[in-house]
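**Q** Sharing target20.cif here; it has mmCIF, C-alpha atoms and all ligand atoms.
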```cif
data_protein
loop_
_atom_site.group_PDB
_atom_site.id
_atom_site.type_symbol
_atom_site.label_atom_id
_atom_site.label_comp_id
_atom_site.auth_asym_id
_atom_site.auth_seq_id
_atom_site.Cartn_x
_atom_site.Cartn_y
_atom_site.Cartn_z
ATOM 1 C CA MET A 1 190.707 110.968 50.843
ATOM 2 C CA LYS A 2 190.106 110.872 54.519
ATOM 3 C CA GLN A 3 186.782 109.455 55.522
ATOM 4 C CA PRO A 4 185.160 110.753 58.673
ATOM 5 C CA GLN A 5 185.126 108.126 61.385
ATOM 6 C CA LYS A 6 181.716 106.586 61.595
ATOM 7 C CA PRO A 7 180.492 104.917 64.733
ATOM 8 C CA THR A 8 179.613 101.284 64.160
ATOM 9 C CA ALA A 9 176.028 100.821 63.167
ATOM 10 C CA LYS A 10 175.146 98.595 66.060
ATOM 11 C CA GLN A 11 176.036 101.260 68.602
ATOM 12 C CA ILE A 12 173.598 103.787 67.264
ATOM 13 C CA THR A 13 170.236 103.599 68.888
ATOM 14 C CA GLU A 14 167.256 103.631 66.601
ATOM 15 C CA LYS A 15 164.373 106.018 67.077
ATOM 16 C CA SER A 16 162.032 103.406 68.466
ATOM 17 C CA GLU A 17 164.724 102.257 70.872
ATOM 18 C CA GLU A 18 165.294 105.788 72.103
ATOM 19 C CA ALA A 19 161.659 106.095 73.070
ATOM 20 C CA MET A 20 161.869 102.850 75.043
ATOM 21 C CA ILE A 21 165.122 103.903 76.679
ATOM 22 C CA GLU A 22 163.584 107.149 77.836
ATOM 23 C CA GLY A 23 160.619 105.320 79.273
ATOM 24 C CA ILE A 24 162.846 102.878 81.135
ATOM 25 C CA LEU A 25 165.009 105.633 82.567
ATOM 26 C CA GLU A 26 161.989 107.561 83.736
ATOM 27 C CA GLY A 27 161.030 104.589 85.832
ATOM 28 C CA SER A 28 164.589 103.943 87.007
ATOM 29 C CA PRO A 29 165.991 106.985 88.776
ATOM 30 C CA ASP A 30 169.212 105.129 89.616
ATOM 31 C CA GLY A 31 169.829 104.152 86.018
ATOM 32 C CA ILE A 32 172.885 105.661 84.382
ATOM 33 C CA GLY A 33 172.436 103.684 81.209
ATOM 34 C CA VAL A 34 170.259 101.144 79.475
ATOM 35 C CA VAL A 35 171.462 97.828 78.131
ATOM 36 C CA VAL A 36 170.048 97.279 74.653
ATOM 37 C CA VAL A 37 169.991 93.737 73.305
ATOM 38 C CA ARG A 38 168.820 93.103 69.756
ATOM 39 C CA LEU A 39 167.687 89.636 68.804
ATOM 40 C CA ASP A 40 167.806 88.082 65.353
ATOM 41 C CA CYS A 41 164.004 87.993 65.198
ATOM 42 C CA GLY A 42 163.682 91.770 65.615
ATOM 43 C CA CYS A 43 162.617 91.784 69.252
ATOM 44 C CA ARG A 44 164.581 93.776 71.813
ATOM 45 C CA LYS A 45 165.536 93.305 75.416
ATOM 46 C CA MET A 46 166.374 96.290 77.575
ATOM 47 C CA ALA A 47 167.192 96.964 81.192
ATOM 48 C CA ALA A 48 168.566 99.932 83.085
ATOM 49 C CA VAL A 49 171.858 99.608 84.972
ATOM 50 C CA ASP A 50 173.019 101.686 87.913
ATOM 51 C CA LYS A 51 176.472 103.132 88.525
ATOM 52 C CA ASN A 52 177.708 99.827 89.926
ATOM 53 C CA GLY A 53 176.598 97.889 86.879
ATOM 54 C CA ASP A 54 173.734 96.325 88.780
ATOM 55 C CA PRO A 55 170.234 96.092 87.326
ATOM 56 C CA ALA A 56 168.225 99.250 87.978
ATOM 57 C CA SER A 57 165.042 98.017 86.358
ATOM 58 C CA LYS A 58 163.510 94.746 85.362
ATOM 59 C CA VAL A 59 164.260 93.415 81.908
ATOM 60 C CA ILE A 60 161.805 94.647 79.338
ATOM 61 C CA MET A 61 161.192 92.791 76.110
ATOM 62 C CA TYR A 62 159.294 94.283 73.233
ATOM 63 C CA ARG A 63 158.841 94.160 69.521
ATOM 64 C CA ASP A 64 158.353 97.169 67.268
ATOM 65 C CA ASN A 65 154.825 97.645 66.023
ATOM 66 C CA ALA A 66 153.606 94.562 67.828
ATOM 67 C CA LEU A 67 151.630 93.999 70.973
ATOM 68 C CA THR A 68 153.713 91.046 72.043
ATOM 69 C CA ILE A 69 157.148 89.624 71.429
ATOM 70 C CA CYS A 70 157.403 86.870 68.812
ATOM 71 C CA ASP A 71 156.666 83.194 69.409
ATOM 72 C CA GLN A 72 160.328 82.318 69.449
ATOM 73 C CA CYS A 73 161.048 84.797 72.225
ATOM 74 C CA GLN A 74 158.063 83.646 74.208
ATOM 75 C CA LYS A 75 159.570 80.182 74.064
ATOM 76 C CA ASP A 76 163.222 80.919 74.774
ATOM 77 C CA ASN A 77 162.925 84.351 76.412
ATOM 78 C CA GLY A 78 165.380 85.863 73.925
ATOM 79 C CA ALA A 79 168.132 83.270 74.131
ATOM 80 C CA PHE A 80 171.666 84.572 74.107
ATOM 81 C CA ALA A 81 172.485 82.498 71.010
ATOM 82 C CA ARG A 82 170.121 84.711 69.016
ATOM 83 C CA VAL A 83 171.584 88.045 70.123
ATOM 84 C CA VAL A 84 172.793 90.067 67.141
ATOM 85 C CA ALA A 85 173.891 93.204 68.979
ATOM 86 C CA GLU A 86 174.175 94.403 72.519
ATOM 87 C CA PHE A 87 175.507 97.622 73.943
ATOM 88 C CA ILE A 88 174.839 100.130 76.674
ATOM 89 C CA HIS A 89 173.181 103.418 75.915
ATOM 90 C CA TRP A 90 174.621 105.873 78.465
ATOM 91 C CA VAL A 91 172.705 108.681 80.017
ATOM 92 C CA LYS A 92 174.402 111.980 79.298
ATOM 93 C CA PRO A 93 176.839 112.919 80.638
ATOM 94 C CA ALA A 94 178.198 109.417 80.187
ATOM 95 C CA PRO A 95 180.502 108.064 82.905
ATOM 96 C CA ASP A 96 184.243 108.117 82.285
ATOM 97 C CA GLU A 97 185.745 105.430 80.092
ATOM 98 C CA ALA A 98 187.062 103.314 82.920
ATOM 99 C CA THR A 99 183.614 103.155 84.480
ATOM 100 C CA GLN A 100 182.051 102.356 81.121
ATOM 101 C CA ARG A 101 184.510 99.520 80.619
ATOM 102 C CA THR A 102 183.891 98.122 84.080
ATOM 103 C CA ILE A 103 180.133 98.182 83.675
ATOM 104 C CA ASN A 104 180.345 96.822 80.145
ATOM 105 C CA ALA A 105 182.391 93.888 81.366
ATOM 106 C CA LYS A 106 180.049 93.277 84.252
ATOM 107 C CA VAL A 107 176.848 93.557 82.255
ATOM 108 C CA LEU A 108 177.794 92.264 78.829
ATOM 109 C CA GLY A 109 180.778 90.126 79.722
ATOM 110 C CA THR A 110 179.040 87.781 82.098
ATOM 111 C CA HIS A 111 177.128 85.677 79.620
ATOM 112 C CA THR A 112 179.682 85.248 76.861
ATOM 113 C CA THR A 113 180.951 81.737 76.428
ATOM 114 C CA HIS A 114 184.622 82.555 75.854
HETATM 115 ZN ZN ZN B 201 161.498 87.662 69.060
#
```
Show me the file's structure as structure tokens.
**A**
Amino acid sequence: MKQPQKPTAKQITEKSEEAMIEGILEGSPDGIGVVVVRLDCGCRKMAAVDKNGDPASKVIMYRDNALTICDQCQKDNGAFARVVAEFIHWVKPAPDEATQRTINAKVLGTHTTH
């Protein structure tokens, strides 16, 4: 039996994230995508990127159903060691694959340790 190819779970934006992404893009006319970073505590970090992979908004941190981010995040500002998933949500139509790769490397590749 052939199973339909499922996208990996971490690349699907959740409903609450989509609302945030829309809000960020509204305030960032140059944004062609939004970097979504999920932390192990449940907080999120997001920021818009422009077509060059440069920041198109300031970094926004939030926590679902909470007025503030958690104590841990207030202390370490969402340390990279606690990141459980990160990806870019592209504005439709998404840029071509080469551009996506370039921006991915620039945005997500810069703070990996290897
Ligand atoms: Zn947190």
**Q** Just checking: using all atoms listed in the file, which residue out of A:Ile32, A:Ile69, A:Glu26, A:Glu17 ends up closest to Met46 (chain A)?
**A**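 For Met46 (chain A), the nearest of the candidates is A:Glu17.
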**Q** How many Å separate CA of Ser57 (chain A) from CA of Val35 (chain A)?
**A** 10.4 Å
**Q** Would you mind listing the residues within 8 Å of ligand ZN 201 (chain B), counting all atoms listed in the file, as a PyMOL selection string?
**A** chain A and resi 39-44+63+69-74+78
**Q** Could you name the residues that touch Phe87 (chain A) at 12 Å or less, counting all atoms listed in the file, but leaving out those on the same chain fewer than 5 positions away, as a list in words?
**A** Thr8, Ala9, Lys10, Gln11, Ile12, Thr13, Gly33, Val34, Val35, Val36, Val37, Arg38, Arg44, Lys45, Met46, Ala47, Ala48, Val49, Gln100, Arg101, Ile103, Asn104, Ala105, Val107, Leu108 and Gly109 of chain A
**Q** Out of A:Met20, A:His89, A:Asp96, A:Val84, which residue has the shortest atom-to-atom distance to Ile60 (chain A) when counting all atoms listed in the file?
**A**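 Closest candidate: A:Met20.
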**Q** Which distance in Å separates CA of Lys58 (chain A) and CA of Gly27 (chain A), to one decimal?
**A**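 CA of Gly27 (chain A) lies at a distance of 10.2 Å from CA of Lys58 (chain A).
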**Q** Work out how far apart CA of Ala56 (chain A) and CA of Phe80 (chain A) are and give it in Å to one decimal.
**A**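 Answer for the CA of Ala56 (chain A) to CA of Phe80 (chain A) separation: 20.5 Å.
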**Q** Under the rule that all atoms listed in the file are counted, which of A:Leu25, A:Asp50, A:Glu18, A:Asn77 is the nearest residue to Lys106 (chain A)?
**A**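 Distance minimum relative to Lys106 (chain A) lands on A:Asp50.
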**Q** Taking every listed atom of region 33-43 of chain A and adding 3 Å to each side, what centre and edge lengths in Å (one decimal) does the axis-aligned box have, as AutoDock Vina command-line options?
**A**
```
--center_x 167.5 --center_y 95.8 --center_z 73.2 --size_x 15.8 --size_y 21.7 --size_z 22.0
```
